[in-house]
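Here is the structure we will look at, set down as structure tokens.
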Number of protein chains: 2
Amino acid sequence: MEKLCFGVDVGGTTIKMGLFTSTGELKEKWEIVTRKEDNGSHILDDIADSILSKIQQNGIDKSNITGVGIGVPGPVKEDGTVLNCVNLGWGIINVADILREKTGFEVKAGNDANVAALGEMWQGGGKGYKNLVMITLGTGVGGGIILNEQILSGTNGAAGEIGHMPVVYEDTDVCGCGKKGCLEQVASATGIVKVTKKILETSTKDSTLRKAENLTAKYIFDEAKKGDELATLAVDNLTNYLAIATAHIACVVDPEVFVIGGGVSKAGTILTDNIKEKYTKKAFPACKNAGFELAKLGNDAGIYGAAKLVL
Amino acid sequence: MEKLCFGVDVGGTTIKMGLFTSTGELKEKWEIVTRKEDNGSHILDDIADSILSKIQQNGIDKSNITGVGIGVPGPVKEDGTVLNCVNLGWGIINVADILREKTGFEVKAGNDANVAALGEMWQGGGKGYKNLVMITLGTGVGGGIILNEQILSGTNGAAGEIGHMPVVYEDTDVCGCGKKGCLEQVASATGIVKVTKKILETSTKDSTLRKAENLTAKYIFDEAKKGDELATLAVDNLTNYLAIATAHIACVVDPEVFVIGGGVSKAGTILTDNIKEKYTKKAFPACKNAGFELAKLGNDAGIYGAAKLVL
């Protein structure tokens with residue numbers, strides 16, 4: 001029988017789980033609720049129970065399970081120790097050891113953003129590449145660095161914290177991290193809206209954006225595609241900062257490709273084309289042919305990458 | 001008899017060579033001239049001859065030689081292929097293969113800036129660390145990234161090209177790489193002088209710097225140490241950009257330590273203390289305790305790192 005493995009992506013509300021073949025086929029996926037009460041002490045029990053039930057339901061021979069990979073929302077050391085998961089109520093615990101104990105399977109753990117990057121490398125927008133940088137433009141801006149098919153965690157588990165690169169030199173609102181001027185302040189879904197509102201306030205030009213009751217990143221991109229001047233200005237501002245950030249990243253790790261994901265990336269190639277055009281002018285010449293791809297796995301990137309951890 | 005190896009650092013004028021023990025003791029060092037005529041086709045012959053003569057002179061048993069490491073001024077792929085060494089007249093050649101053929105020893109090749117970073121990790125300012133970023137502030141600004149004791153080369157051999165991070169948003173002169181706004185434009189020895197001259201031109205304040213016949217980075221730092229206001233402003237400007245660059249780098253690879261080398265680093269702890277102070281405010285909080293150390297090996301970093309390549 002073919003070898004199988006589990007990929008688990010622990011979020012603040014739900015835990016996504018997937019059963020994969022070792023060649024990357026998602027056989028089945030499901031979710032369970034994240035029980036955060038009692039300092040999140042039920043979470044790993046719930047995951048173990050769900051995995052063991054799934055094995056029983058499907059009549060899988062345990063010897064065919066390669067292992068369980070798990071992505072968690074916080075910094076993770078190479079040995080599987082989670083340093084801090086404020087969202088889940090966890091202190092410093094070794095997630096890999098605990099889940100190995102509870103399931104009897106080999107377990108590997110990683111930070112969720114890094115794991116999503118690994119998933120996109122395996123079966124998504126970065127398929128076929130070994131060195132990639134993923135940038136996730138969502139409520140915040142996350143990132144993950146994959147070098148030679150391996151996640152780069154960094155000394156403090158903070159490698160790939162792209163959202164906190166200090167790209168904005170003018171004063172901005174304080175970021176969630178406590179600093180000012182982070183990429184996240186201008187390139188997250190909320191950041192784009194905030195910057196666009198400022199553009200609308202300081203310009204007297206007409207714009208279809210002024211008619212929006214609830215300005216969203218999607219609406220701004222849609223209007224830019226139709227040629228609205230101020231929406232285009234907003235997209236230019238966003239993609240300029242992303243080009244600066246990716247040009248910096250290229251000088252540091254020189255990846256083959258940048259994969260752009262998260263809700264904002266639903267805008268499509270207007271986003272990647274715009275970043276690429278500006279990046280080409282800002283990047284060190286040897287790196288200017290780096291690719292810019294859209295992520296493909298959406299919310300499943302985490303379970304794919306988690307599964308890949310144990311393969 | 002203890003194992004020995006050679007470290008070779010190929011520069012545009014001279015080739016530095018060192019004979020090392022495998023524990024990192026430099027037994028002997030010497031230089032030969034870099035013969036650039038005939039498209040640099042004599043260089044590897046000269047190196048091989050020099051190594052073989054040294055072995056004969058010292059009566060070393062060839063079986064005690066672990067190998068030869070070589071750093072060259074251009075991008076190098078993992079297999080030892082040099083993509084471009086304009087300075088030396090080389091096209092695309094596999095330096096490691098050729099030198100292995102000529103000497104009979106195991107040969108590993110790396111980019112000179114990366115190799116210097118490895119040297120500083122082994123026996124210099126980064127000793128005891130496994131993950132470090134070296135920044136060399138000289139005529140240009142170079143860099144090298146060491147992750148888990150290994151050089152990070154990057155897809156195009158451009159990882160660690162710190163000098164070309166686009167940190168300056170105002171217009172600057174065109175950099176050697178063809179772009180504008182590179183870190184090198186403000187943080188190299190010549191960049192510092194250029195920026196300081198602008199500060200002197202635009203200010204009416206008195207400054208001991210105005211008395212200098214030949215303004216140098218060293219003089220600017222010396223006067224800043226004595227409290228000269230405009231020299232302090234110049235040092236602030238430089239260290240601000242270096243803090244921005246290192247904060248970016250920390251968000252990407254999250255190193256344990258930054259090692260600052262090159263001629264400008266002779267200014268001493270005024271440089272590292274100033275960068276560190278500003279970095280702490282700009283860096284992602286998890287990374288703010290990264291160390292800032294001065295390089296210790298000077299011009300020998302290249303031969304140390306080259307030797308380490310084969311150990």
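The way I read the labels, and the way they are meant: chains A, B, ... in the order of the structure tokens, residue 1 as the first residue of every chain, and ligand 1 as the first ligand shown, with later ones counted on from there.
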Give me, as JSON lines, the closest atom pair and its distance (Å, one decimal) for every residue of chain A within a cut-off of 8 Å of chain B, counting only C-alpha atoms, rows sorted by chain and rising number.
{"residue": "A:Asn131", "atom": "CA", "partner": "B:Thr155", "partner_atom": "CA", "distance": 7.5}
{"residue": "A:Ile145", "atom": "CA", "partner": "B:Val252", "partner_atom": "CA", "distance": 7.6}
{"residue": "A:Leu152", "atom": "CA", "partner": "B:Val253", "partner_atom": "CA", "distance": 7.3}
{"residue": "A:Ser153", "atom": "CA", "partner": "B:Val253", "partner_atom": "CA", "distance": 7.8}
{"residue": "A:Gly154", "atom": "CA", "partner": "B:Asp254", "partner_atom": "CA", "distance": 4.7}
{"residue": "A:Thr155", "atom": "CA", "partner": "B:Asp254", "partner_atom": "CA", "distance": 5.6}
{"residue": "A:Asn156", "atom": "CA", "partner": "B:Ala286", "partner_atom": "CA", "distance": 6.2}
{"residue": "A:Gly157", "atom": "CA", "partner": "B:Asp254", "partner_atom": "CA", "distance": 7.5}
{"residue": "A:Ala158", "atom": "CA", "partner": "B:Asp254", "partner_atom": "CA", "distance": 5.8}
{"residue": "A:Ala159", "atom": "CA", "partner": "B:Val253", "partner_atom": "CA", "distance": 4.6}
{"residue": "A:Gly160", "atom": "CA", "partner": "B:Val252", "partner_atom": "CA", "distance": 4.7}
{"residue": "A:Glu161", "atom": "CA", "partner": "B:Cys251", "partner_atom": "CA", "distance": 4.8}
{"residue": "A:Ile162", "atom": "CA", "partner": "B:Cys251", "partner_atom": "CA", "distance": 5.7}
{"residue": "A:His164", "atom": "CA", "partner": "B:Phe284", "partner_atom": "CA", "distance": 6.1}
{"residue": "A:Met165", "atom": "CA", "partner": "B:His248", "partner_atom": "CA", "distance": 5.1}
{"residue": "A:Pro166", "atom": "CA", "partner": "B:His248", "partner_atom": "CA", "distance": 6.6}
{"residue": "A:Cys177", "atom": "CA", "partner": "B:Pro285", "partner_atom": "CA", "distance": 6.9}
{"residue": "A:Gly178", "atom": "CA", "partner": "B:Pro285", "partner_atom": "CA", "distance": 7.9}
{"residue": "A:Lys179", "atom": "CA", "partner": "B:Lys282", "partner_atom": "CA", "distance": 6.8}
{"residue": "A:Ile244", "atom": "CA", "partner": "B:Pro166", "partner_atom": "CA", "distance": 6.8}
{"residue": "A:Ala247", "atom": "CA", "partner": "B:Met165", "partner_atom": "CA", "distance": 6.9}
{"residue": "A:His248", "atom": "CA", "partner": "B:Met165", "partner_atom": "CA", "distance": 5.1}
{"residue": "A:Ile249", "atom": "CA", "partner": "B:Val252", "partner_atom": "CA", "distance": 6.6}
{"residue": "A:Ala250", "atom": "CA", "partner": "B:Ala159", "partner_atom": "CA", "distance": 7.0}
{"residue": "A:Cys251", "atom": "CA", "partner": "B:Glu161", "partner_atom": "CA", "distance": 4.9}
{"residue": "A:Val252", "atom": "CA", "partner": "B:Gly160", "partner_atom": "CA", "distance": 4.7}
{"residue": "A:Val253", "atom": "CA", "partner": "B:Ala159", "partner_atom": "CA", "distance": 4.6}
{"residue": "A:Asp254", "atom": "CA", "partner": "B:Gly154", "partner_atom": "CA", "distance": 4.7}
{"residue": "A:Pro255", "atom": "CA", "partner": "B:Thr155", "partner_atom": "CA", "distance": 5.7}
{"residue": "A:Glu256", "atom": "CA", "partner": "B:Thr155", "partner_atom": "CA", "distance": 5.9}
{"residue": "A:Lys281", "atom": "CA", "partner": "B:Lys179", "partner_atom": "CA", "distance": 7.4}
{"residue": "A:Lys282", "atom": "CA", "partner": "B:Pro166", "partner_atom": "CA", "distance": 6.6}
{"residue": "A:Ala283", "atom": "CA", "partner": "B:Pro166", "partner_atom": "CA", "distance": 7.7}
{"residue": "A:Phe284", "atom": "CA", "partner": "B:His164", "partner_atom": "CA", "distance": 6.1}
{"residue": "A:Pro285", "atom": "CA", "partner": "B:Cys177", "partner_atom": "CA", "distance": 6.9}
{"residue": "A:Ala286", "atom": "CA", "partner": "B:Asn156", "partner_atom": "CA", "distance": 6.2}
{"residue": "A:Cys287", "atom": "CA", "partner": "B:Asn156", "partner_atom": "CA", "distance": 6.5}
Next item on the list: Enter the distance from CA of Ala295 (chain A) to CA of Glu120 (chain A), in Å, rounded to one decimal.
Entry: 6.5 Å
Next item on the list: Extract, using only C-alpha atoms, all DNA, RNA and protein residues at most 8 Å from region 227-242 of chain B, discarding same-chain residues fewer than 2 positions from it, and format them as a PyMOL selection string.
Entry: chain B and resi 167-168+183+186-187+192+195-196+199-200+205+207-209+220-221+223-225+244-246+271+274-275+278
Notebook entry, point to check: Where in region 57-170 of chain B does DSSP assign strand (DSSP E), given as a ChimeraX atom specification?
Noted result: /B:65-72,81-82,93-94,107-111,132-137,141-147,150-151
Notebook entry, point to check: Do you have the CA of Asn111 (chain A)-CA of Pro73 (chain A) distance handy?
Noted result: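 Taking CA of Asn111 (chain A) and CA of Pro73 (chain A), their separation equals 5.9 Å.
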Check: Mind checking DSSP for region 218-261 of chain B and telling me the alpha helix (DSSP H) residues as a PyMOL selection string?
Finding: chain B and resi 218-225+229-253
Note to self: Can you pull out the residues contacting Asn39 (chain B)? Cut-off 7 Å, using only C-alpha atoms, and skip same-chain residues under 6 positions away; I want them as a ChimeraX atom specification.
What the structure shows: /B:88-90
Output file for the residues above (C-alpha atoms, as a compact mmCIF listing (two decimals), in the first residue's frame):
# COMPACT_ATOMS: atom_id res chain seq x y z
CA LEU B 88 40.85 38.47 -13.66
CA GLY B 89 39.84 38.16 -17.30
CA TRP B 90 38.18 34.78 -16.70
Check: Which residues, written as a PyMOL selection string, have at least one atom at most 7 Å from Val259 (chain B), with only C-alpha atoms counted and residues fewer than 4 positions away on the same chain left out?
Finding: chain B and resi 125-126+133-135+292-295
Residues at most 7 Å from region 301-311 of chain B, counting only C-alpha atoms, excluding those fewer than 5 positions away in the same chain, as a short mmCIF file (atom, residue, chain, number, x, y, z; two decimals) with N, CA and C atoms, in the first residue's frame?
data_model
loop_
_atom_site.label_atom_id
_atom_site.label_comp_id
_atom_site.auth_asym_id
_atom_site.auth_seq_id
_atom_site.Cartn_x
_atom_site.Cartn_y
_atom_site.Cartn_z
N CYS B 5 46.19 22.22 5.42
CA CYS B 5 45.46 22.59 4.20
C CYS B 5 45.90 23.98 3.76
N PHE B 6 45.57 24.31 2.53
CA PHE B 6 45.93 25.62 1.98
C PHE B 6 44.68 26.48 1.80
N GLY B 7 44.83 27.76 2.08
CA GLY B 7 43.78 28.74 1.79
C GLY B 7 44.33 29.75 0.80
N VAL B 8 43.60 29.99 -0.28
CA VAL B 8 44.07 30.89 -1.34
C VAL B 8 43.02 31.98 -1.57
N ASP B 9 43.45 33.22 -1.60
CA ASP B 9 42.53 34.34 -1.79
C ASP B 9 43.01 35.13 -3.01
N LYS B 16 46.81 35.98 -2.17
CA LYS B 16 47.28 35.66 -0.81
C LYS B 16 47.12 34.17 -0.60
N MET B 17 48.12 33.59 0.07
CA MET B 17 48.09 32.15 0.29
C MET B 17 48.48 31.85 1.73
N GLY B 18 47.88 30.83 2.30
CA GLY B 18 48.19 30.45 3.68
C GLY B 18 48.21 28.95 3.83
N PHE B 20 47.59 26.16 6.67
CA PHE B 20 46.89 26.08 7.95
C PHE B 20 46.91 24.67 8.52
N SER B 22 44.50 21.94 10.59
CA SER B 22 43.05 21.75 10.53
C SER B 22 42.35 22.33 11.75
N THR B 66 44.88 18.03 3.44
CA THR B 66 43.44 17.79 3.32
C THR B 66 42.90 18.34 2.00
N GLY B 67 43.43 19.48 1.58
CA GLY B 67 42.96 20.06 0.33
C GLY B 67 43.31 21.53 0.23
N VAL B 68 42.75 22.15 -0.81
CA VAL B 68 43.02 23.56 -1.10
C VAL B 68 41.67 24.27 -1.25
N GLY B 69 41.50 25.35 -0.50
CA GLY B 69 40.31 26.18 -0.67
C GLY B 69 40.70 27.46 -1.37
N ILE B 70 39.83 27.96 -2.21
CA ILE B 70 40.18 29.16 -2.98
C ILE B 70 39.00 30.11 -3.06
N GLY B 71 39.27 31.36 -2.75
CA GLY B 71 38.25 32.41 -2.88
C GLY B 71 38.56 33.26 -4.10
N VAL B 107 39.84 20.27 -4.02
CA VAL B 107 39.76 21.74 -4.09
C VAL B 107 38.30 22.19 -3.96
N LYS B 108 38.08 23.21 -3.15
CA LYS B 108 36.76 23.83 -3.09
C LYS B 108 36.92 25.32 -3.34
N ASP B 112 34.91 35.42 -2.92
CA ASP B 112 35.84 35.94 -1.91
C ASP B 112 35.16 36.57 -0.69
N VAL B 115 33.72 33.78 1.38
CA VAL B 115 34.81 33.03 2.00
C VAL B 115 35.38 33.81 3.19
N ALA B 116 35.48 35.13 3.05
CA ALA B 116 35.96 35.96 4.17
C ALA B 116 35.01 35.85 5.35
N ALA B 117 33.70 35.80 5.07
CA ALA B 117 32.71 35.65 6.14
C ALA B 117 32.94 34.32 6.87
N LEU B 118 33.22 33.28 6.10
CA LEU B 118 33.48 31.96 6.69
C LEU B 118 34.73 32.00 7.56
N GLY B 119 35.74 32.72 7.09
CA GLY B 119 36.98 32.88 7.85
C GLY B 119 36.73 33.57 9.19
N GLU B 120 35.93 34.64 9.16
CA GLU B 120 35.62 35.36 10.40
C GLU B 120 34.81 34.47 11.35
#
Next item on the list: Give the answer as one residue: which of A:Arg100, A:Lys54, A:Lys197, A:Lys29 has the shortest atom-to-atom distance to Thr216 (chain A), using only C-alpha atoms?
Entry: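 Among the listed residues, A:Lys197 lies closest to Thr216 (chain A).
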